[in-house]
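Colleague: So here's target.txt (compact mmCIF, C-alpha atoms).
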```txt
# COMPACT_ATOMS: atom_id res chain seq x y z
CA MET A 102 0.00 0.00 0.00
CA THR A 103 1.44 3.36 -1.06
CA LEU A 104 0.80 6.33 1.15
CA PRO A 105 -0.66 9.41 -0.65
CA TRP A 106 2.07 11.73 0.59
CA LEU A 107 4.76 9.31 -0.60
CA ALA A 108 3.20 9.17 -4.07
CA ARG A 109 3.14 12.94 -4.23
CA THR A 110 6.84 13.15 -3.38
CA ARG A 111 7.77 10.55 -6.01
CA ALA A 112 5.98 12.26 -8.88
CA PRO A 113 8.35 15.20 -9.29
CA ALA A 114 11.35 12.86 -9.24
CA ASN A 115 9.87 10.71 -11.99
CA GLY A 116 9.02 13.80 -14.01
CA ALA A 117 12.55 15.12 -13.61
CA ASN A 118 13.99 11.79 -14.73
CA LEU A 119 11.75 11.77 -17.79
CA ALA A 120 12.72 15.34 -18.64
CA GLY A 121 16.39 14.44 -18.29
CA LEU A 122 15.98 11.47 -20.60
CA LEU A 123 14.21 13.61 -23.19
CA LEU A 124 17.00 16.20 -23.05
CA VAL A 125 19.71 13.66 -23.78
CA ALA A 126 17.65 11.65 -26.29
CA LEU A 127 18.47 13.85 -29.30
CA PRO A 128 22.25 14.04 -28.65
CA VAL A 129 22.39 10.28 -28.06
CA PHE A 130 20.41 9.67 -31.25
CA LEU A 131 22.73 11.91 -33.27
CA LEU A 132 25.77 10.22 -31.71
CA GLY A 133 24.47 6.81 -32.71
CA TRP A 134 23.41 7.91 -36.19
CA LEU A 135 26.44 9.97 -37.17
CA ILE A 136 29.26 8.18 -35.33
CA VAL A 137 28.38 4.76 -33.90
CA TYR A 138 26.43 3.47 -36.91
CA PRO A 139 29.11 4.46 -39.50
CA ILE A 140 31.77 2.78 -37.37
CA PHE A 141 29.93 -0.54 -37.16
CA SER A 142 28.94 -0.26 -40.82
CA ALA A 143 32.59 0.24 -41.85
CA VAL A 144 33.76 -2.71 -39.74
CA ILE A 145 31.06 -5.00 -41.15
CA THR A 146 31.73 -3.86 -44.72
CA THR A 147 35.45 -4.58 -44.47
CA VAL A 148 34.99 -7.95 -42.76
CA PHE A 149 32.00 -9.32 -44.70
CA VAL A 150 33.04 -8.65 -48.30
CA ARG A 151 30.66 -8.95 -51.22
CA GLN A 152 32.07 -11.15 -53.97
CA PRO A 153 31.61 -10.57 -57.74
CA ASP A 154 28.95 -13.29 -57.83
CA GLY A 155 26.89 -11.44 -55.22
CA ALA A 156 27.73 -13.72 -52.29
CA THR A 157 28.99 -12.26 -49.01
CA THR A 158 31.91 -14.02 -47.33
CA LEU A 159 33.96 -13.45 -44.20
CA SER A 160 37.34 -12.11 -45.29
CA LEU A 161 40.22 -10.19 -43.72
CA ALA A 162 42.07 -9.79 -47.02
CA SER A 163 41.96 -5.99 -46.92
CA TYR A 164 43.56 -5.93 -43.45
CA ARG A 165 46.20 -8.45 -44.49
CA PHE A 166 46.97 -6.29 -47.52
CA PHE A 167 47.32 -3.17 -45.40
CA PHE A 168 49.79 -4.69 -42.93
CA SER A 169 51.72 -6.51 -45.65
CA ASP A 170 51.98 -3.48 -47.94
CA GLY A 171 55.13 -1.47 -47.30
CA TYR A 172 53.62 1.82 -48.45
CA SER A 173 50.59 1.46 -46.15
CA ARG A 174 52.80 0.63 -43.17
CA ALA A 175 55.02 3.62 -43.97
CA ASN A 176 51.97 5.90 -43.95
CA LEU A 177 50.82 4.48 -40.62
CA TRP A 178 54.29 4.87 -39.14
CA LEU A 179 54.53 8.48 -40.36
CA THR A 180 51.16 9.22 -38.73
CA LEU A 181 52.27 7.68 -35.44
CA TRP A 182 55.60 9.54 -35.57
CA THR A 183 53.92 12.87 -36.32
CA THR A 184 51.38 12.34 -33.55
CA LEU A 185 54.09 11.49 -31.00
CA VAL A 186 56.35 14.40 -31.94
CA CYS A 187 53.45 16.88 -31.96
CA GLY A 188 52.18 15.61 -28.60
CA VAL A 189 55.60 16.01 -26.97
CA LEU A 190 56.13 19.47 -28.48
CA LEU A 191 52.66 20.63 -27.45
CA LEU A 192 53.26 19.67 -23.82
CA ALA A 193 56.80 21.09 -23.87
CA ILE A 194 55.57 24.43 -25.25
CA GLY A 195 52.13 24.65 -23.69
CA LEU A 196 53.07 23.74 -20.10
CA PRO A 197 55.52 26.66 -19.54
CA ILE A 198 52.96 29.05 -21.05
CA ALA A 199 50.23 27.67 -18.79
CA LEU A 200 52.47 27.97 -15.72
CA TYR A 201 53.28 31.56 -16.61
CA LEU A 202 49.61 32.44 -17.10
CA ARG A 203 48.60 30.73 -13.86
CA PHE A 204 51.11 32.40 -11.57
CA SER A 205 51.62 35.79 -13.23
CA GLN A 206 49.56 38.93 -12.91
CA GLY A 207 49.34 42.14 -14.85
CA ARG A 208 48.71 43.15 -18.43
CA LEU A 209 51.56 41.17 -20.00
CA PRO A 210 50.07 37.73 -19.15
CA ALA A 211 46.81 38.87 -20.75
CA TYR A 212 48.66 39.69 -23.96
CA VAL A 213 50.50 36.35 -23.82
CA GLN A 214 47.22 34.50 -23.39
CA GLY A 215 45.73 36.37 -26.35
CA LEU A 216 48.67 35.40 -28.53
CA ALA A 217 48.52 31.78 -27.32
CA ILE A 218 44.85 31.33 -28.25
CA PHE A 219 45.01 33.39 -31.45
CA PRO A 220 45.61 30.31 -33.71
CA MET A 221 42.22 28.99 -32.58
CA PHE A 222 40.56 31.64 -34.76
CA VAL A 223 42.67 30.98 -37.86
CA PRO A 224 41.27 28.34 -40.28
CA SER A 225 43.63 25.49 -41.09
CA ILE A 226 43.69 26.22 -44.82
CA ILE A 227 44.71 29.84 -44.19
CA LEU A 228 47.35 28.70 -41.72
CA SER A 229 48.71 26.25 -44.30
CA TYR A 230 49.24 28.87 -46.98
CA ALA A 231 50.59 31.36 -44.44
CA LEU A 232 53.25 28.83 -43.45
CA ILE A 233 54.04 28.17 -47.11
CA ARG A 234 54.59 31.88 -47.70
CA THR A 235 56.70 32.10 -44.54
CA ILE A 236 58.87 28.97 -44.41
CA GLY A 237 58.38 27.66 -47.95
CA PRO A 238 60.82 28.06 -50.84
CA ASN A 239 61.50 31.76 -51.50
CA GLY A 240 59.29 32.63 -48.55
CA THR A 241 59.71 35.37 -45.98
CA VAL A 242 62.44 33.54 -44.08
CA ASP A 243 64.47 33.00 -47.27
CA ILE A 244 64.07 36.65 -48.25
CA LEU A 245 65.24 37.89 -44.84
CA LEU A 246 68.23 35.53 -44.79
CA ASN A 247 69.19 36.58 -48.30
CA ALA A 248 68.89 40.26 -47.35
CA ILE A 249 71.50 39.91 -44.60
CA GLY A 250 73.77 37.69 -46.65
CA LEU A 251 73.05 34.36 -44.98
CA PRO A 252 72.46 31.11 -46.90
CA LYS A 253 69.02 29.63 -47.25
CA LEU A 254 67.79 27.14 -44.72
CA PRO A 255 66.30 23.82 -45.85
CA THR A 256 62.56 24.35 -45.90
CA PRO A 257 60.34 21.98 -43.87
CA TYR A 258 57.61 22.41 -46.48
CA LEU A 259 56.72 19.09 -48.17
CA THR A 260 58.74 17.19 -45.55
CA PRO A 261 57.45 15.35 -42.44
CA TRP A 262 58.31 18.43 -40.36
CA GLY A 263 55.91 20.63 -42.31
CA PRO A 264 52.75 19.09 -40.80
CA VAL A 265 54.46 19.00 -37.39
CA ILE A 266 54.90 22.79 -37.40
CA GLY A 267 51.36 23.40 -38.60
CA LEU A 268 49.72 20.92 -36.22
CA VAL A 269 51.61 22.22 -33.19
CA TRP A 270 50.59 25.79 -34.04
CA ASP A 271 46.98 24.73 -34.66
CA ASN A 272 46.59 22.68 -31.45
CA LEU A 273 48.52 24.96 -29.09
CA PRO A 274 45.52 27.09 -27.99
CA LEU A 275 43.48 24.13 -26.75
CA THR A 276 46.54 22.70 -25.02
CA VAL A 277 47.26 25.96 -23.18
CA LEU A 278 43.62 26.43 -22.15
CA MET A 279 43.28 22.88 -20.80
CA LEU A 280 46.57 22.99 -18.90
CA THR A 281 45.72 26.42 -17.46
CA ALA A 282 42.36 25.08 -16.31
CA GLY A 283 44.08 22.12 -14.67
CA LEU A 284 46.50 24.39 -12.85
CA GLY A 285 43.58 26.50 -11.66
CA HIS A 286 42.34 23.61 -9.50
CA ILE A 287 45.59 23.49 -7.51
CA PRO A 288 45.20 25.63 -4.36
CA LYS A 289 47.75 28.35 -3.79
CA SER A 290 47.95 27.44 -0.12
CA SER A 291 49.90 24.25 -0.83
CA ILE A 292 52.30 26.13 -3.11
CA GLU A 293 52.84 28.89 -0.55
CA ALA A 294 53.40 26.32 2.19
CA ALA A 295 56.13 24.67 0.13
CA ARG A 296 57.76 28.03 -0.51
CA ASP A 297 57.65 28.86 3.19
CA VAL A 298 59.78 25.81 4.02
CA GLY A 299 62.35 26.83 1.40
CA ALA A 300 61.33 24.73 -1.62
CA SER A 301 62.77 25.95 -4.90
CA PRO A 302 60.51 26.61 -7.93
CA LEU A 303 61.71 23.36 -9.51
CA ARG A 304 60.92 21.41 -6.33
CA VAL A 305 57.48 23.02 -6.15
CA PHE A 306 56.81 21.99 -9.74
CA ILE A 307 58.01 18.41 -9.27
CA SER A 308 56.52 17.73 -5.83
CA ILE A 309 53.39 19.90 -5.77
CA LEU A 310 52.21 20.80 -9.26
CA LEU A 311 53.16 17.82 -11.41
CA PRO A 312 51.53 15.11 -9.25
CA ARG A 313 48.25 17.05 -9.20
CA MET A 314 48.35 17.70 -12.94
CA GLY A 315 48.41 14.06 -13.98
CA ASN A 316 44.74 14.04 -14.95
CA SER A 317 45.02 17.34 -16.86
CA LEU A 318 48.12 16.18 -18.72
CA LEU A 319 46.42 12.92 -19.69
CA VAL A 320 43.26 14.63 -20.91
CA THR A 321 45.25 17.25 -22.83
CA ALA A 322 47.46 14.64 -24.47
CA SER A 323 44.42 12.54 -25.41
CA PHE A 324 42.68 15.47 -27.07
CA ALA A 325 45.83 16.47 -28.93
CA ILE A 326 46.58 12.93 -30.11
CA LEU A 327 43.02 12.31 -31.32
CA GLY A 328 42.99 15.58 -33.25
CA ILE A 329 46.42 15.13 -34.79
CA PHE A 330 46.00 11.48 -35.73
CA SER A 331 42.83 12.21 -37.70
CA SER A 332 43.95 15.54 -39.22
CA PHE A 333 43.67 16.10 -42.95
CA THR A 334 44.10 19.69 -44.17
CA LEU A 335 47.53 20.50 -42.76
CA PRO A 336 49.15 17.14 -43.67
CA TYR A 337 47.57 17.33 -47.14
CA VAL A 338 48.87 20.82 -47.90
CA LEU A 339 52.17 20.88 -45.98
CA GLY A 340 53.24 17.24 -45.94
CA PRO A 341 55.12 15.07 -48.42
CA ALA A 342 53.36 13.07 -51.10
CA SER A 343 55.11 9.87 -50.08
CA PRO A 344 54.83 8.70 -47.40
CA GLU A 345 51.69 10.53 -46.31
CA MET A 346 49.59 10.63 -43.17
CA MET A 347 46.48 8.50 -42.87
CA GLY A 348 44.02 11.34 -43.58
CA PRO A 349 45.36 12.18 -47.06
CA PHE A 350 46.05 8.48 -47.65
CA MET A 351 42.38 7.58 -47.10
CA GLN A 352 41.17 10.42 -49.32
CA ARG A 353 43.53 9.49 -52.14
CA THR A 354 42.63 5.80 -51.92
CA PHE A 355 38.92 6.58 -52.07
CA SER A 356 38.91 9.34 -54.73
CA ASP A 357 42.00 8.87 -56.88
CA LEU A 358 42.25 5.07 -56.79
CA ASN A 359 38.47 4.49 -56.56
CA ASP A 360 39.04 1.79 -53.94
CA PRO A 361 36.39 2.25 -51.21
CA LEU A 362 37.09 -1.10 -49.54
CA ASN A 363 40.73 -0.31 -48.77
CA ALA A 364 39.79 3.27 -47.84
CA LEU A 365 37.30 1.89 -45.31
CA THR A 366 39.94 -0.50 -44.02
CA GLN A 367 42.33 2.39 -43.46
CA ALA A 368 39.55 4.28 -41.66
CA VAL A 369 38.84 1.33 -39.37
CA ILE A 370 42.54 0.94 -38.52
CA THR A 371 42.79 4.67 -37.83
CA PHE A 372 39.74 4.48 -35.60
CA GLY A 373 41.30 1.56 -33.74
CA PHE A 374 44.36 3.62 -32.83
CA CYS A 375 42.19 6.61 -31.88
CA LEU A 376 40.03 4.32 -29.73
CA PHE A 377 43.16 3.11 -27.94
CA PHE A 378 44.06 6.69 -27.00
CA GLY A 379 40.44 7.58 -26.27
CA ILE A 380 40.21 4.86 -23.63
CA PHE A 381 42.77 6.75 -21.55
CA TYR A 382 40.62 9.87 -21.74
CA VAL A 383 37.45 8.01 -20.71
CA ARG A 384 39.22 6.29 -17.83
CA SER A 385 40.64 9.62 -16.68
CA ILE A 386 37.19 11.23 -16.70
CA ALA A 387 35.72 8.26 -14.83
CA LYS A 388 38.42 8.38 -12.14
CA ASN A 389 37.96 12.12 -11.82
CA ARG A 390 34.22 11.71 -11.24
CA GLU A 391 34.78 8.96 -8.69
CA GLY A 392 37.31 11.11 -6.86
CA GLY A 393 34.89 14.00 -6.70
CA ARG A 394 32.17 11.99 -4.97
```
Show the structure stored in the file as structure tokens.
Modeller:
Amino acid sequence: MTLPWLARTRAPANGANLAGLLLVALPVFLLGWLIVYPIFSAVITTVFVRQPDGATTLSLASYRFFFSDGYSRANLWLTLWTTLVCGVLLLAIGLPIALYLRFSQGRLPAYVQGLAIFPMFVPSIILSYALIRTIGPNGTVDILLNAIGLPKLPTPYLTPWGPVIGLVWDNLPLTVLMLTAGLGHIPKSSIEAARDVGASPLRVFISILLPRMGNSLLVTASFAILGIFSSFTLPYVLGPASPEMMGPFMQRTFSDLNDPLNALTQAVITFGFCLFFGIFYVRSIAKNREGGR
């Protein structure tokens, strides 16, 4: 038997739960339609291959071809190398900037923050051609060196370092913002206490800041890696034609070679690597929520 007053108190809770479900229904539907369904469709298409006679058979031939083909492996290795180098450079450049913004006051840090997030408002295609005009052959750097009588420097344009420069520049704003937000959760009292007992700035960073920034560093690295691994515009415009990163490789396989099966296989393999890095991000978020309870 349910008491009337108990029923009245349960009604608003049920209504709130229903309203919450309705609010998340559309995003979940779009997530399943635009992301989850294409992923499963690509996996099924590359595993269950339709034969010329119309029959569908289980086959991993496209995956065997990818990992046995030297050119495909070279493209995958170049993508992994670029992602690793960009991730290290982003943390090495973004962390000092974030530390400066967190513990500095005045007008100069505001200007530094504005310059750090400025690339966020520059489209990738414009950034690509700006870098070509700056560090490309007969670009601004070559003109300045020639004006003062110095020899030309080897241009990184159309080399593996071209996309590295562009991707680091393009992903630096998000890296700085996320690291600055992570530093903002560290109380100043613990830092001041360490300084009071004579700890040097390096000791404060190693013993106080770095252990409490593990979650922020992991989330920042995950975001950077996922964005860099799946990038297309900057590697396509600034990178070499051979080997090439997975984004241009997939586009060329699909459009130029008219080979959708191998293009889908490359997409599935790329998603597999991104999923591997994404698991670290999900686990970090889950641990952070458990720690906050």
Colleague: Enclose segment 316-324 of chain A, meaning all of its atoms listed in the file, in a box aligned along x, y and z, pad it by 8 Å on each side, and list the centre and edge lengths in Å to one decimal, as JSON.
Modeller:
```
{"center_x": 45.4, "center_y": 14.9, "center_z": -21.0, "size_x": 21.4, "size_y": 20.8, "size_z": 28.1}
```
Colleague: Step by step: start from the point (48.2, 21.6, -20.7) in the file's coordinates, keep every protein, DNA or RNA residue that has an atom no farther than 9 Å from it, count all atoms listed in the file, and write the set as number ranges by chain.
Modeller: A: 191-192, 195-199, 275-284, 314, 317-322
Colleague: Got time to write the residues from that selection, C-alpha atoms, as a PDB file, keeping the file's coordinate frame?
Modeller:
```pdb
ATOM      1  CA  LEU A 191      52.660  20.630 -27.450  1.00  0.00           C
ATOM      2  CA  LEU A 192      53.260  19.670 -23.820  1.00  0.00           C
ATOM      3  CA  GLY A 195      52.130  24.650 -23.690  1.00  0.00           C
ATOM      4  CA  LEU A 196      53.070  23.740 -20.100  1.00  0.00           C
ATOM      5  CA  PRO A 197      55.520  26.660 -19.540  1.00  0.00           C
ATOM      6  CA  ILE A 198      52.960  29.050 -21.050  1.00  0.00           C
ATOM      7  CA  ALA A 199      50.230  27.670 -18.790  1.00  0.00           C
ATOM      8  CA  LEU A 275      43.480  24.130 -26.750  1.00  0.00           C
ATOM      9  CA  THR A 276      46.540  22.700 -25.020  1.00  0.00           C
ATOM     10  CA  VAL A 277      47.260  25.960 -23.180  1.00  0.00           C
ATOM     11  CA  LEU A 278      43.620  26.430 -22.150  1.00  0.00           C
ATOM     12  CA  MET A 279      43.280  22.880 -20.800  1.00  0.00           C
ATOM     13  CA  LEU A 280      46.570  22.990 -18.900  1.00  0.00           C
ATOM     14  CA  THR A 281      45.720  26.420 -17.460  1.00  0.00           C
ATOM     15  CA  ALA A 282      42.360  25.080 -16.310  1.00  0.00           C
ATOM     16  CA  GLY A 283      44.080  22.120 -14.670  1.00  0.00           C
ATOM     17  CA  LEU A 284      46.500  24.390 -12.850  1.00  0.00           C
ATOM     18  CA  MET A 314      48.350  17.700 -12.940  1.00  0.00           C
ATOM     19  CA  SER A 317      45.020  17.340 -16.860  1.00  0.00           C
ATOM     20  CA  LEU A 318      48.120  16.180 -18.720  1.00  0.00           C
ATOM     21  CA  LEU A 319      46.420  12.920 -19.690  1.00  0.00           C
ATOM     22  CA  VAL A 320      43.260  14.630 -20.910  1.00  0.00           C
ATOM     23  CA  THR A 321      45.250  17.250 -22.830  1.00  0.00           C
ATOM     24  CA  ALA A 322      47.460  14.640 -24.470  1.00  0.00           C
TER      25      ALA A 322
END
```
Colleague: To one decimal place in Å, what is the distance between atom CA of Met347 of chain A and atom CA of Trp178 of chain A?
Modeller: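 Distance between the two atoms: 9.4 Å.
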Colleague: Rounded to one decimal in Å, what is the spacing between atom CA of Ser225 of chain A and atom CA of Gly267 of chain A?
Modeller: 8.4 Å
Colleague: Taking 6 positions as the minimum chain separation for residues in the same chain, which residues sit within 12 Å of Arg151 of chain A when counting all atoms listed in the file? Answer as a PyMOL selection string.
Modeller: chain A and resi 145+157-160+362
Colleague: With the cut-off set at 10 Å and counting only C-alpha atoms, tabulate each residue of segment 296-387 of chain A with an atom at most that distance from an atom of segment 179-185 of chain A, showing the nearest atom pair and its distance in Å to one decimal, ordered by chain and increasing number, as a Markdown table.
Modeller:
```
| residue | atom | partner | partner_atom | distance |
| --- | --- | --- | --- | --- |
| A:Ala322 | CA | A:Leu185 | CA | 9.8 |
| A:Ala325 | CA | A:Thr184 | CA | 8.3 |
| A:Ile326 | CA | A:Thr184 | CA | 5.9 |
| A:Leu327 | CA | A:Thr184 | CA | 8.7 |
| A:Gly328 | CA | A:Thr184 | CA | 9.0 |
| A:Ile329 | CA | A:Thr184 | CA | 5.8 |
| A:Phe330 | CA | A:Thr184 | CA | 5.9 |
| A:Ser331 | CA | A:Thr180 | CA | 8.9 |
| A:Ser332 | CA | A:Thr180 | CA | 9.6 |
| A:Pro336 | CA | A:Thr180 | CA | 9.5 |
| A:Ser343 | CA | A:Leu179 | CA | 9.8 |
| A:Pro344 | CA | A:Leu179 | CA | 7.0 |
| A:Glu345 | CA | A:Leu179 | CA | 6.9 |
| A:Met346 | CA | A:Thr180 | CA | 4.9 |
| A:Met347 | CA | A:Thr180 | CA | 6.3 |
| A:Gly348 | CA | A:Thr180 | CA | 8.9 |
| A:Thr371 | CA | A:Thr180 | CA | 9.6 |
| A:Phe374 | CA | A:Leu181 | CA | 9.3 |
```
Colleague: Could you write out the selected residues, including C-alpha atoms, as a compact mmCIF listing (two decimals), in the coordinates of the input?
Modeller:
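Result saved to out.txt:
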```
# COMPACT_ATOMS: atom_id res chain seq x y z
CA ALA A 322 47.46 14.64 -24.47
CA ALA A 325 45.83 16.47 -28.93
CA ILE A 326 46.58 12.93 -30.11
CA LEU A 327 43.02 12.31 -31.32
CA GLY A 328 42.99 15.58 -33.25
CA ILE A 329 46.42 15.13 -34.79
CA PHE A 330 46.00 11.48 -35.73
CA SER A 331 42.83 12.21 -37.70
CA SER A 332 43.95 15.54 -39.22
CA PRO A 336 49.15 17.14 -43.67
CA SER A 343 55.11 9.87 -50.08
CA PRO A 344 54.83 8.70 -47.40
CA GLU A 345 51.69 10.53 -46.31
CA MET A 346 49.59 10.63 -43.17
CA MET A 347 46.48 8.50 -42.87
CA GLY A 348 44.02 11.34 -43.58
CA THR A 371 42.79 4.67 -37.83
CA PHE A 374 44.36 3.62 -32.83
```
Colleague: Taking 4 positions as the minimum chain separation for residues in the same chain, which residues sit within 10 Å of segment 307-313 of chain A when counting only C-alpha atoms? Answer as an MDAnalysis selection string.
Modeller: chainID A and resid 200 283:284 286:288 291:292 295 300:303 317:318
Colleague: Residues at most 7 Å from segment 248-265 of chain A, counting only C-alpha atoms, excluding those fewer than 4 positions away in the same chain, as a PDB file with C-alpha atoms, keeping the file's coordinate frame?
Modeller:
```
ATOM      1  CA  THR A 183      53.920  12.870 -36.320  1.00  0.00           C
ATOM      2  CA  CYS A 187      53.450  16.880 -31.960  1.00  0.00           C
ATOM      3  CA  ILE A 233      54.040  28.170 -47.110  1.00  0.00           C
ATOM      4  CA  ILE A 236      58.870  28.970 -44.410  1.00  0.00           C
ATOM      5  CA  GLY A 237      58.380  27.660 -47.950  1.00  0.00           C
ATOM      6  CA  PRO A 238      60.820  28.060 -50.840  1.00  0.00           C
ATOM      7  CA  ASP A 243      64.470  33.000 -47.270  1.00  0.00           C
ATOM      8  CA  ILE A 244      64.070  36.650 -48.250  1.00  0.00           C
ATOM      9  CA  VAL A 269      51.610  22.220 -33.190  1.00  0.00           C
ATOM     10  CA  LEU A 335      47.530  20.500 -42.760  1.00  0.00           C
ATOM     11  CA  PRO A 336      49.150  17.140 -43.670  1.00  0.00           C
ATOM     12  CA  LEU A 339      52.170  20.880 -45.980  1.00  0.00           C
ATOM     13  CA  GLY A 340      53.240  17.240 -45.940  1.00  0.00           C
ATOM     14  CA  PRO A 341      55.120  15.070 -48.420  1.00  0.00           C
TER      15      PRO A 341
END
```
Colleague: Go ahead and compute the interatomic distance for atom CA of Tyr164 of chain A and atom CA of Asn363 of chain A, in Å to one decimal.
Modeller: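 Spanning atom CA of Tyr164 of chain A to atom CA of Asn363 of chain A is a straight-line distance of 8.2 Å.
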